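Asker: First the structure, which I've put down as structure tokens, then a few questions once you've had a look.
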Amino acid sequence: MNILDKIVIDKRKEVALKKSIIPQSSLEKATLFERETISLAQALRKSNSGIIAEHKRRSPSKSVINHSLNVADVVMGYEQAGVCGMSVLTDGKYFGGSLDDLVLARAATLLPLLRKEFVIDEYQLLEAKAYGADVILLIAAILDRKQIELLSKTAKSLGLEVLLEVHNKEELDMSVMPSIDMLGVNNRNLKNFEVHLETSQNLSNYIPNDFVKVSESGISSVAAIKQLQPYGFKGFLIGENFMKTENPGKSATEFIKNIEA
Ligand SMILES: O=P(O)(O)OC[C@@H](O)[C@@H](O)c1c[nH]c2ccccc12
């Protein structure tokens, strides 16, 4: 069994348990549930740098990245750096994140926030809304077309944007549909953690132009951004490269300055 299979098995148990503790009707009563969301897709279309900076404490591939930072500080640092939006990992077991991280991030910024999660159930979309997200991630590798359709339509009905993540042409072909806003190519294979930036380049041609193209993972230099931009990528999701430093906001500031230079 690969790591992604394990994560999904654990996630199913987690969601079942959470449903029994906090019913959907309670999530719908949350103050943030009524909030107007902010568009990440629009921010990316308008930007020259297109950075989506991630809050990521650890990962199954790298173990500890940074355990000593405060979410609000990271988020405020990223905002000052001029990022277009942020991604907050909410998976606990494998990434050390939580929905508390998301709501703390929400309290610290008005920029678009992506709930980075292994979404397999509509309940997680209601959670995303209740805890202040603007965007949700759907990972094609763990869903079929019907599920992507159902989840993306539900997300849209809640006012959430959808970033659909693919890693190969089969996943891309089965998941392109109008209820998706942004198409992300994950340069990391979540089944074996190999990272190749060429994955983005190779798939870019097959992504219809109506979707904002996002390249995800393994981006650690401005040169990589410059390499990907000619292929139509407007968004770049960066976690470890910023989070491994003592001051992620400062690292992001330098990085963005160099893209725009
Ligand atoms: O830390 P990196 O290599 O910059 O990657 C960030 C982000 O792309 C990565 O965390 C990610 C992309 N898709 C995911 C799906 C689940 C968990 C994590 C991810």
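Lettering and numbering for the structure tokens are positional, with chains as A, B, ... in the shown order, residues counted from 1 in each chain, and ligands counted from 1 in the shown order.
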Going by DSSP on the backbone, which bits of range 84-227 of chain A are alpha helix (DSSP H)? Write them as a ChimeraX atom specification, please.
Answerer: /A:99-108,122-130,145-157,169-175,198-204,222-227
Asker: Please provide the set of residues having any atom within 8 Å of range 148-163 of chain A, restricted to only C-alpha atoms, with same-chain residues fewer than 6 positions apart removed, written as a ChimeraX atom specification.
Answerer: /A:36-37,39-41,121-122,125-126,129,133-138,140,175,177,179-184
Asker: Using only C-alpha atoms and all ligand atoms, which residues of the polymer chains come no farther than 8 Å from ligand 1? I'd like the answer as a ChimeraX atom specification.
Answerer: /A:54,56,59,89,95,116-118,137,139,165,186-188,190,215-220,237-243
Asker: May I ask which of the residues A:Cys84, A:Val15, A:Met76, A:Leu32 is the closest one to Leu44 in chain A, counting only C-alpha atoms?
Answerer: A:Cys84
Asker: Mind pulling up the distance from CA of Ile120 in chain A to CA of Asn192 in chain A?
Answerer: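 Straight-line distance from CA of Asn192 in chain A to CA of Ile120 in chain A works out to 20.6 Å.
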Asker: Could you go through range 84-116 of chain A and tell me which residues DSSP, when run on the backbone, assigns to strand (DSSP E), listing them as an MDAnalysis selection string?
Answerer: chainID A and resid 85:89 113:116
Asker: With only C-alpha atoms as the counted atoms, please give the residues lying no more than 9 Å from Lys250 in chain A, apart from itself and same-chain residues fewer than 3 positions off, as a PyMOL selection string.
Answerer: chain A and resi 77-78+80-81+242+245-247+253-255
Asker: Include N, CA and C atoms and write out the residues we just selected as a compact mmCIF listing (two decimals), in the first residue's frame.
Answerer:
```txt
# COMPACT_ATOMS: atom_id res chain seq x y z
N GLY A 77 3.62 37.47 7.74
CA GLY A 77 4.86 37.61 6.99
C GLY A 77 4.63 37.37 5.50
N TYR A 78 3.86 36.35 5.19
CA TYR A 78 3.55 36.05 3.79
C TYR A 78 2.76 37.20 3.15
N GLN A 80 2.78 40.37 3.98
CA GLN A 80 3.69 41.50 3.76
C GLN A 80 4.59 41.27 2.57
N ALA A 81 4.92 40.01 2.31
CA ALA A 81 5.81 39.68 1.20
C ALA A 81 5.14 39.92 -0.16
N PHE A 242 10.02 28.06 1.81
CA PHE A 242 9.85 29.16 2.76
C PHE A 242 9.82 28.66 4.19
N THR A 245 12.90 27.92 6.54
CA THR A 245 13.72 29.02 7.07
C THR A 245 13.14 29.54 8.39
N GLU A 246 13.94 30.32 9.09
CA GLU A 246 13.52 30.85 10.38
C GLU A 246 12.39 31.87 10.22
N ASN A 247 12.42 32.58 9.10
CA ASN A 247 11.44 33.63 8.87
C ASN A 247 10.85 33.46 7.46
N THR A 253 9.54 37.37 0.83
CA THR A 253 9.76 38.75 0.38
C THR A 253 10.91 38.81 -0.63
N GLU A 254 12.03 38.19 -0.25
CA GLU A 254 13.20 38.16 -1.13
C GLU A 254 12.87 37.49 -2.46
N PHE A 255 12.18 36.36 -2.34
CA PHE A 255 11.82 35.54 -3.51
C PHE A 255 10.98 36.36 -4.50
```
Asker: What does the structure give for the distance between CA of Arg115 in chain A and CA of Pro230 in chain A, in Å to one decimal?
Answerer: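 These two atoms are separated by 27.9 Å.
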Asker: Report as a ChimeraX atom specification all protein, DNA and RNA residues lying within 8 Å of Phe233 in chain A, evaluated on only C-alpha atoms, omitting residues in the same chain fewer than 5 positions from it.
Answerer: /A:204,212-215,228
Asker: Write out the residues from the selection above, keeping N, CA and C atoms, as a PDB file, in the first residue's frame.
Answerer:
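Ended up saving to part14.pdb:
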```pdb
ATOM      1  N   SER A 204       1.240  21.104 -19.358  1.00  0.00           N
ATOM      2  CA  SER A 204       0.681  22.451 -19.560  1.00  0.00           C
ATOM      3  C   SER A 204      -0.139  22.576 -20.844  1.00  0.00           C
ATOM      4  N   VAL A 212      -7.010  28.712 -14.643  1.00  0.00           N
ATOM      5  CA  VAL A 212      -5.735  29.267 -14.198  1.00  0.00           C
ATOM      6  C   VAL A 212      -4.807  28.091 -13.914  1.00  0.00           C
ATOM      7  N   LYS A 213      -3.607  28.136 -14.480  1.00  0.00           N
ATOM      8  CA  LYS A 213      -2.669  27.022 -14.297  1.00  0.00           C
ATOM      9  C   LYS A 213      -1.744  27.288 -13.115  1.00  0.00           C
ATOM     10  N   VAL A 214      -1.663  26.281 -12.256  1.00  0.00           N
ATOM     11  CA  VAL A 214      -0.835  26.404 -11.046  1.00  0.00           C
ATOM     12  C   VAL A 214       0.180  25.259 -11.040  1.00  0.00           C
ATOM     13  N   SER A 215       1.424  25.586 -10.744  1.00  0.00           N
ATOM     14  CA  SER A 215       2.442  24.544 -10.594  1.00  0.00           C
ATOM     15  C   SER A 215       2.716  24.376  -9.098  1.00  0.00           C
ATOM     16  N   LEU A 228       8.884  28.062 -15.741  1.00  0.00           N
ATOM     17  CA  LEU A 228       7.493  27.614 -15.859  1.00  0.00           C
ATOM     18  C   LEU A 228       6.567  28.664 -16.468  1.00  0.00           C
TER      19      LEU A 228
END
```
Asker: Figure out the distance between CA of Gly85 in chain A and CA of Pro112 in chain A, please, to one decimal in Å.
Answerer: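 Answer for the CA of Pro112 in chain A to CA of Gly85 in chain A separation: 4.7 Å.
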Asker: Please determine, counting only C-alpha atoms, which residue among A:Leu104, A:Val119, A:Val222, A:Lys146 has the shortest atom-to-atom distance to Val8 in chain A.
Answerer: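 Of A:Leu104, A:Val119, A:Val222, A:Lys146, the one nearest Val8 in chain A is A:Val119, counting only C-alpha atoms.
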Asker: At a cut-off of 6 Å, using only C-alpha atoms, what residues contact Ala108 in chain A? Leave out same-chain residues fewer than 2 positions from it and give the result as an MDAnalysis selection string.
Answerer: chainID A and resid 72 105:106
Asker: Could the residues in this selection be saved with C-alpha atoms as a PDB file, in the first residue's frame?
Answerer:
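Output contents, as saved in part39.pdb:
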```
ATOM      1  CA  ALA A  72      -0.358  34.171  12.614  1.00  0.00           C
ATOM      2  CA  ALA A 105      -4.734  32.119   9.572  1.00  0.00           C
ATOM      3  CA  ARG A 106      -8.158  33.529   8.715  1.00  0.00           C
TER       4      ARG A 106
END
```
Asker: Kindly indicate which residue among A:Glu127, A:Met86, A:Asn70, A:Arg12 lies nearest to Ser26 in chain A, using only C-alpha atoms for the distances.
Answerer: A:Glu127
